[in-house]
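Enquirer: Please find one structure pasted underneath; my questions will follow.
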Amino acid sequence: MMVSLAEDLKLALDRAAFARRLGLMPDPWQGDLLRSTSGRVLLNCCRQSGKSTMTAVIALHRALYHPRSLILCLAPALRQSQELFGKVLASYRALDRPVPAQTERKLSLELENGSRIVTLPGTDKTIRGFSGAALLIVDEASRVADELYFAVRPMLAVSGGALMMLSTPYGKRGAFFEEWTKGGVWQRYEVPAGRCPRISEAFLAEERRSLPGWVYRQEYLCSFEETEDAVFTTEMVDAALSAEVAPLFGEGAA
Ligand SMILES: Nc1ncnc2c1ncn2[C@@H]1O[C@H](COP(=O)(O)OP(=O)(O)OP(=O)(O)O)[C@@H](O)[C@H]1O
Ligand SMILES: [Mg+2]
């Protein structure tokens, strides 16, 4: 795919144009994300809304147009990080490898401009050792173990790199839920299925009929539901613990 210098400059400066070059017409929220300059992004987006695809576009753009960038892809399990990385690789190939690869493997891509995109496994023992990340992407973030999240954050310390966490919700717990609800520096995107033009009303109606209510709300309505097998709701537990009642077991027990 030949690109003129003028067009290349446009693609360098405009990630939405870069996405279009890849054949993706960004949805409105995707356009906002592609134009965002925030270094802290949370995407609470329904299933199949395109959060992995758009993040992969951002990762590839970073690698191509910002030499010597280290980009890390993390998910609860290697297979899921690999899926995200696979989207990056597919786009890179679709563009006919505009910056040549030094090595192109199943789990990593190293470009001649010094940029690297690396897939991380989902265990904190093996991921330590990376530092200076320009961009850290956490896919399926609500299901990533907190220890893992805490282990990867320091990789941004010296580089001042960007962090993007993308997920559907998974209960009122874990780092993704905490970050989504507690305020802070994050730019947040909430995208329920109604805002995804590729998910039809008819399909959603069918899902609503077939799935338990809480599953439907979690997968399609960006809702942090109580844990499926919880007997007590989080609110009930919080209320109980904040009253004068001391817990019988565990921390604080006599
Ligand atoms: N703007 C777009 N134009 C056309 N297709 C798109 C667009 N955004 C996403 N898609 C397509 O929608 C499908 C789902 O995208 P993707 O896998 O990125 O969604 P997701 O939100 O990560 O889903 P999941 O929660 O299941 O992981 C893919 O086939 C992707 O190519
Ligand atoms: Mg995904």
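Numbering starts fresh at 1 for the residues of each chain in the structure tokens, the chains themselves are lettered A, B, ... in the order given, and ligands are numbered from 1 as they appear.
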Write out as a list in words the residues lying within 12 Å of Phe224 (chain A), counting only C-alpha atoms and excluding same-chain residues fewer than 4 positions away.

Expert: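 Listed by chain and then number, they are Asn44, Cys45, Cys46, Ser142, Ser167, Thr168, Pro169, Tyr170, Gly171, Lys172, Arg173, Gly174, Phe176, Phe177, Glu178, Trp180, Thr181, Glu190, Trp214, Val215, Tyr216, Arg217, Gln218, Glu219, Tyr220, Glu228, Thr233 and Thr234 of chain A.
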
Enquirer: Apply DSSP to the structure's backbone, then extract all residues of region 146-204 of chain A labelled helix (DSSP H, G or I) and return them as JSON, numbers by chain.

Expert: {"A": [146, 147, 148, 149, 150, 151, 152, 153, 154, 155, 156, 174, 175, 176, 177, 178, 179, 180, 181, 193, 194, 195, 201, 202, 203, 204]}

Enquirer: Next, write the just-selected residues to a file, as a compact mmCIF listing (two decimals), in the first residue's frame, keeping C-alpha atoms as the atom set.

Expert:
# COMPACT_ATOMS: atom_id res chain seq x y z
CA ASP A 146 -4.90 -7.14 41.28
CA GLU A 147 -1.37 -8.45 41.99
CA LEU A 148 -0.71 -8.44 38.27
CA TYR A 149 -2.02 -4.90 37.87
CA PHE A 150 0.12 -3.72 40.76
CA ALA A 151 3.14 -5.50 39.27
CA VAL A 152 2.87 -3.82 35.86
CA ARG A 153 2.15 -0.23 36.89
CA PRO A 154 5.79 0.53 37.84
CA MET A 155 6.79 -0.19 34.25
CA LEU A 156 5.46 3.29 33.46
CA GLY A 174 -10.83 -5.50 41.54
CA ALA A 175 -8.61 -2.74 40.24
CA PHE A 176 -10.70 -1.92 37.16
CA PHE A 177 -13.82 -1.39 39.27
CA GLU A 178 -11.86 0.64 41.84
CA GLU A 179 -10.34 2.88 39.20
CA TRP A 180 -13.66 3.29 37.39
CA THR A 181 -15.51 4.36 40.52
CA ALA A 193 -24.54 -1.89 23.27
CA GLY A 194 -27.06 0.73 22.14
CA ARG A 195 -24.13 2.88 21.01
CA GLU A 201 -31.85 -4.30 18.30
CA ALA A 202 -33.08 -7.76 17.37
CA PHE A 203 -29.92 -9.44 18.58
CA LEU A 204 -30.03 -7.51 21.84

Enquirer: Measuring atom to atom with only C-alpha atoms and all ligand atoms, identify which of A:Thr37, A:Thr53, A:Gln30, A:Gln102 is nearest to ligand 2.

Expert: A:Thr53

Enquirer: Figure out the distance between CA of Asp27 (chain A) and CA of Leu5 (chain A), please, to one decimal in Å.

Expert: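 Here the two named atoms are 27.1 Å from each other.
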
Enquirer: Write out as CSV a residue-level contact list of chain A versus ligand 1 with cut-off 9 Å: for each qualifying residue the closest pair of atoms and the distance in Å to one decimal, counting only C-alpha atoms and all ligand atoms, rows sorted by chain and residue number upward.

Expert:
residue,atom,partner,partner_atom_place_in_ligand_line,distance
A:Ala19,CA,ligand 1,1 (N),8.3
A:Arg20,CA,ligand 1,1 (N),8.6
A:Gly23,CA,ligand 1,3 (N),7.4
A:Leu24,CA,ligand 1,3 (N),4.4
A:Met25,CA,ligand 1,1 (N),4.6
A:Pro26,CA,ligand 1,1 (N),4.0
A:Asp27,CA,ligand 1,1 (N),5.1
A:Pro28,CA,ligand 1,1 (N),8.8
A:Gln30,CA,ligand 1,1 (N),7.1
A:Gly31,CA,ligand 1,1 (N),8.8
A:Cys45,CA,ligand 1,21 (O),6.4
A:Cys46,CA,ligand 1,25 (O),6.1
A:Arg47,CA,ligand 1,25 (O),3.5
A:Gln48,CA,ligand 1,23 (O),3.3
A:Ser49,CA,ligand 1,21 (O),4.0
A:Gly50,CA,ligand 1,18 (O),3.3
A:Lys51,CA,ligand 1,21 (O),4.0
A:Ser52,CA,ligand 1,22 (O),3.8
A:Thr53,CA,ligand 1,18 (O),3.5
A:Met54,CA,ligand 1,18 (O),6.4
A:Thr55,CA,ligand 1,18 (O),8.0
A:Ala56,CA,ligand 1,18 (O),8.2
A:Gln80,CA,ligand 1,27 (O),8.8
A:Glu83,CA,ligand 1,17 (O),8.9
A:Leu84,CA,ligand 1,22 (O),8.3
A:Lys87,CA,ligand 1,18 (O),8.3
A:Asp139,CA,ligand 1,22 (O),8.0
A:Glu140,CA,ligand 1,27 (O),7.3
A:Leu166,CA,ligand 1,22 (O),8.1
A:Ser167,CA,ligand 1,25 (O),6.8
A:Thr168,CA,ligand 1,25 (O),6.4
A:Cys196,CA,ligand 1,8 (N),8.5
A:Pro197,CA,ligand 1,2 (C),8.8
A:Arg198,CA,ligand 1,12 (O),7.2
A:Glu219,CA,ligand 1,25 (O),8.0

Enquirer: Can you work out which one of A:Leu78, A:Leu72, A:Ala133, A:Leu95 has the shortest atom-to-atom distance to Val118 (chain A), counting only C-alpha atoms?

Expert: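 Closest residue, counting only C-alpha atoms: A:Leu72.
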
Enquirer: Measuring between only C-alpha atoms, which one of A:Leu109, A:Ile58, A:Cys222, A:Ala94 shows the shortest distance to Leu33 (chain A)?

Expert: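 Of all the options, A:Ile58 lies closest to Leu33 (chain A).
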
Enquirer: Work out how far apart CA of Ser81 (chain A) and CA of Pro121 (chain A) are and give it in Å to one decimal.

Expert: 7.2 Å

Enquirer: With distances taken over only C-alpha atoms, which residue among A:Ala134, A:Leu120, A:Gly39, A:Arg21 lies nearest Met2 (chain A)?

Expert: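 Of A:Ala134, A:Leu120, A:Gly39, A:Arg21, the one nearest Met2 (chain A), counting only C-alpha atoms, is A:Arg21.
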
Enquirer: Tell me, as a list in words, which residues lie within 7 Å of Tyr189 (chain A), counting only C-alpha atoms; anything in the same chain fewer than 2 positions away does not count.

Expert: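 Answer for this query is Leu42, Leu43, Asn44, Gln187 and Val191 of chain A.
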